[in-house]
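Structure record follows, encoded as structure tokens.
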Amino acid sequence: MEEDLHVVPCSSLAVECIIRIGTAGAIWGLCVGPYDARQQGLTGLAQASFVAKSARNFGIRCGLVAGLYSITRCGIQSYRKQNDWVNGLIAGAVAGGAVAARSRSWKQVIGMAGLVSAFCAAADYS
């Protein structure tokens, strides 16, 4: 009974992950946006608009991928009733495949799924 009190719902973990990583992505967009705007020769209001869009896009993308990873990992963990590296391996493959899905190239989808999967499994194992 005591163990059940410390279980956090998957939805709460996903929301927390989306907020954290989404914020980090937005900060990254705020850092890289001015550089990209200067490369395109933008100044003034056009530059500020470009930076804001960059922060929004990076924040949303990072948040969605992190949320997908988090909810997948938690769902697999509750389904398998085990907390091991396999959960991270599968969730990393799903998140990596989702990142590369826009490319519409199976080579890139499989490569990114494998790469992210390996990193996530290594992070869970250590």
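Naming scheme: A, B, ... for chains in displayed order of the structure tokens; residues 1 onward per chain; ligands 1 onward as shown.
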
For the interface of segment 26-110 of chain A with segment 8-14 of chain A (cut-off 10 Å, counting only C-alpha atoms), please tabulate each contacting residue of segment 26-110 of chain A alongside its nearest pair of atoms and their separation in Å to one decimal, rows sorted by chain and increasing number, as a tab-separated table.
residue	atom	partner	partner_atom	distance
A:Gly63	CA	A:Ala14	CA	9.4
A:Leu64	CA	A:Ala14	CA	9.5
A:Ala66	CA	A:Ala14	CA	7.8
A:Gly67	CA	A:Ala14	CA	4.9
A:Leu68	CA	A:Ala14	CA	7.6
A:Tyr69	CA	A:Ala14	CA	8.3
A:Ser70	CA	A:Ala14	CA	5.3
A:Ile71	CA	A:Ala14	CA	5.4
A:Thr72	CA	A:Cys10	CA	8.8
A:Arg73	CA	A:Cys10	CA	8.9
A:Cys74	CA	A:Cys10	CA	5.6
A:Gly75	CA	A:Cys10	CA	6.9
A:Gln77	CA	A:Cys10	CA	9.8
A:Ser78	CA	A:Cys10	CA	8.9

Kindly save the residues from that selection, with N, CA and C atoms included, as an mmCIF file, in the first residue's frame.
data_model
loop_
_atom_site.group_PDB
_atom_site.id
_atom_site.type_symbol
_atom_site.label_atom_id
_atom_site.label_comp_id
_atom_site.auth_asym_id
_atom_site.auth_seq_id
_atom_site.Cartn_x
_atom_site.Cartn_y
_atom_site.Cartn_z
ATOM 1 N N GLY A 63 9.329 19.999 -26.962
ATOM 2 C CA GLY A 63 8.321 19.569 -26.004
ATOM 3 C C GLY A 63 7.535 18.362 -26.479
ATOM 4 N N LEU A 64 7.152 18.352 -27.748
ATOM 5 C CA LEU A 64 6.377 17.222 -28.268
ATOM 6 C C LEU A 64 7.199 15.934 -28.308
ATOM 7 N N ALA A 66 9.810 15.225 -26.418
ATOM 8 C CA ALA A 66 10.047 14.813 -25.033
ATOM 9 C C ALA A 66 8.785 14.207 -24.423
ATOM 10 N N GLY A 67 7.634 14.797 -24.716
ATOM 11 C CA GLY A 67 6.375 14.254 -24.212
ATOM 12 C C GLY A 67 6.086 12.879 -24.788
ATOM 13 N N LEU A 68 6.351 12.717 -26.082
ATOM 14 C CA LEU A 68 6.149 11.413 -26.719
ATOM 15 C C LEU A 68 7.052 10.361 -26.093
ATOM 16 N N TYR A 69 8.321 10.717 -25.877
ATOM 17 C CA TYR A 69 9.246 9.787 -25.235
ATOM 18 C C TYR A 69 8.765 9.432 -23.831
ATOM 19 N N SER A 70 8.405 10.435 -23.067
ATOM 20 C CA SER A 70 8.022 10.233 -21.670
ATOM 21 C C SER A 70 6.776 9.369 -21.539
ATOM 22 N N ILE A 71 5.750 9.673 -22.318
ATOM 23 C CA ILE A 71 4.503 8.912 -22.217
ATOM 24 C C ILE A 71 4.691 7.485 -22.738
ATOM 25 N N THR A 72 5.511 7.318 -23.760
ATOM 26 C CA THR A 72 5.778 5.974 -24.285
ATOM 27 C C THR A 72 6.563 5.149 -23.270
ATOM 28 N N ARG A 73 7.600 5.742 -22.693
ATOM 29 C CA ARG A 73 8.406 5.020 -21.704
ATOM 30 C C ARG A 73 7.571 4.626 -20.493
ATOM 31 N N CYS A 74 6.764 5.536 -20.012
ATOM 32 C CA CYS A 74 5.943 5.260 -18.833
ATOM 33 C C CYS A 74 4.884 4.197 -19.148
ATOM 34 N N GLY A 75 4.277 4.303 -20.330
ATOM 35 C CA GLY A 75 3.279 3.314 -20.721
ATOM 36 C C GLY A 75 3.863 1.917 -20.861
ATOM 37 N N GLN A 77 6.574 0.861 -19.371
ATOM 38 C CA GLN A 77 6.967 0.438 -18.025
ATOM 39 C C GLN A 77 5.761 -0.104 -17.257
ATOM 40 N N SER A 78 4.623 0.562 -17.349
ATOM 41 C CA SER A 78 3.440 0.071 -16.627
ATOM 42 C C SER A 78 2.897 -1.198 -17.267
#

Can you tell me which residues surround segment 99-110 of chain A at a distance of at most 12 Å, considering only C-alpha atoms, apart from same-chain residues fewer than 2 positions away, and format the answer as a CSV table (one decimal) with N, CA, C and O atoms, in the first residue's frame?
chain,number,residue,atom,x,y,z
A,61,ARG,N,8.6,21.8,-30.8
A,61,ARG,CA,9.2,20.5,-31.3
A,61,ARG,C,9.8,19.7,-30.2
A,61,ARG,O,9.6,18.5,-30.0
A,62,CYS,N,10.6,20.4,-29.4
A,62,CYS,CA,11.3,19.7,-28.3
A,62,CYS,C,10.3,19.2,-27.3
A,62,CYS,O,10.5,18.1,-26.8
A,63,GLY,N,9.3,20.0,-27.0
A,63,GLY,CA,8.3,19.6,-26.0
A,63,GLY,C,7.5,18.4,-26.5
A,63,GLY,O,7.3,17.4,-25.7
A,64,LEU,N,7.2,18.4,-27.7
A,64,LEU,CA,6.4,17.2,-28.3
A,64,LEU,C,7.2,15.9,-28.3
A,64,LEU,O,6.7,14.9,-27.9
A,65,VAL,N,8.4,16.0,-28.7
A,65,VAL,CA,9.3,14.8,-28.8
A,65,VAL,C,9.5,14.3,-27.4
A,65,VAL,O,9.5,13.1,-27.1
A,66,ALA,N,9.8,15.2,-26.4
A,66,ALA,CA,10.0,14.8,-25.0
A,66,ALA,C,8.8,14.2,-24.4
A,66,ALA,O,8.9,13.2,-23.7
A,68,LEU,N,6.4,12.7,-26.1
A,68,LEU,CA,6.1,11.4,-26.7
A,68,LEU,C,7.1,10.4,-26.1
A,68,LEU,O,6.6,9.3,-25.8
A,69,TYR,N,8.3,10.7,-25.9
A,69,TYR,CA,9.2,9.8,-25.2
A,69,TYR,C,8.8,9.4,-23.8
A,69,TYR,O,8.7,8.3,-23.4
A,92,GLY,N,12.7,5.4,-27.0
A,92,GLY,CA,13.7,6.2,-27.8
A,92,GLY,C,13.5,5.9,-29.3
A,92,GLY,O,13.6,6.8,-30.1
A,93,ALA,N,13.2,4.7,-29.6
A,93,ALA,CA,12.9,4.3,-31.0
A,93,ALA,C,11.7,5.0,-31.5
A,93,ALA,O,11.6,5.6,-32.7
A,94,VAL,N,10.6,5.1,-30.7
A,94,VAL,CA,9.4,5.8,-31.1
A,94,VAL,C,9.6,7.3,-31.3
A,94,VAL,O,9.2,7.9,-32.3
A,95,ALA,N,10.3,7.9,-30.3
A,95,ALA,CA,10.6,9.3,-30.4
A,95,ALA,C,11.5,9.7,-31.5
A,95,ALA,O,11.3,10.6,-32.3
A,96,GLY,N,12.5,8.9,-31.7
A,96,GLY,CA,13.5,9.1,-32.9
A,96,GLY,C,12.8,8.9,-34.2
A,96,GLY,O,13.0,9.7,-35.1
A,97,GLY,N,11.9,7.9,-34.3
A,97,GLY,CA,11.2,7.8,-35.5
A,97,GLY,C,10.2,8.9,-35.8
A,97,GLY,O,10.0,9.3,-36.9
A,112,MET,N,17.4,7.4,-37.4
A,112,MET,CA,17.2,8.2,-36.2
A,112,MET,C,16.6,7.4,-35.1
A,112,MET,O,16.9,7.7,-33.9
A,113,ALA,N,15.7,6.5,-35.4
A,113,ALA,CA,15.1,5.7,-34.4
A,113,ALA,C,16.1,4.9,-33.7
A,113,ALA,O,16.2,4.8,-32.4
A,114,GLY,N,17.1,4.3,-34.4
A,114,GLY,CA,18.1,3.5,-33.8
A,114,GLY,C,19.1,4.3,-33.0
A,114,GLY,O,19.5,3.9,-31.9
A,115,LEU,N,19.4,5.5,-33.5
A,115,LEU,CA,20.3,6.4,-32.8
A,115,LEU,C,19.8,6.9,-31.4
A,115,LEU,O,20.4,6.8,-30.4
A,116,VAL,N,18.5,7.4,-31.5
A,116,VAL,CA,17.9,7.9,-30.3
A,116,VAL,C,17.6,6.7,-29.3
A,116,VAL,O,17.8,6.9,-28.1
A,117,SER,N,17.2,5.6,-29.8
A,117,SER,CA,17.0,4.4,-29.0
A,117,SER,C,18.3,4.0,-28.3
A,117,SER,O,18.2,3.7,-27.1

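What separates atom CA of Ile27 of chain A from atom CA of Ala55 of chain A is a distance of 6.6 Å.
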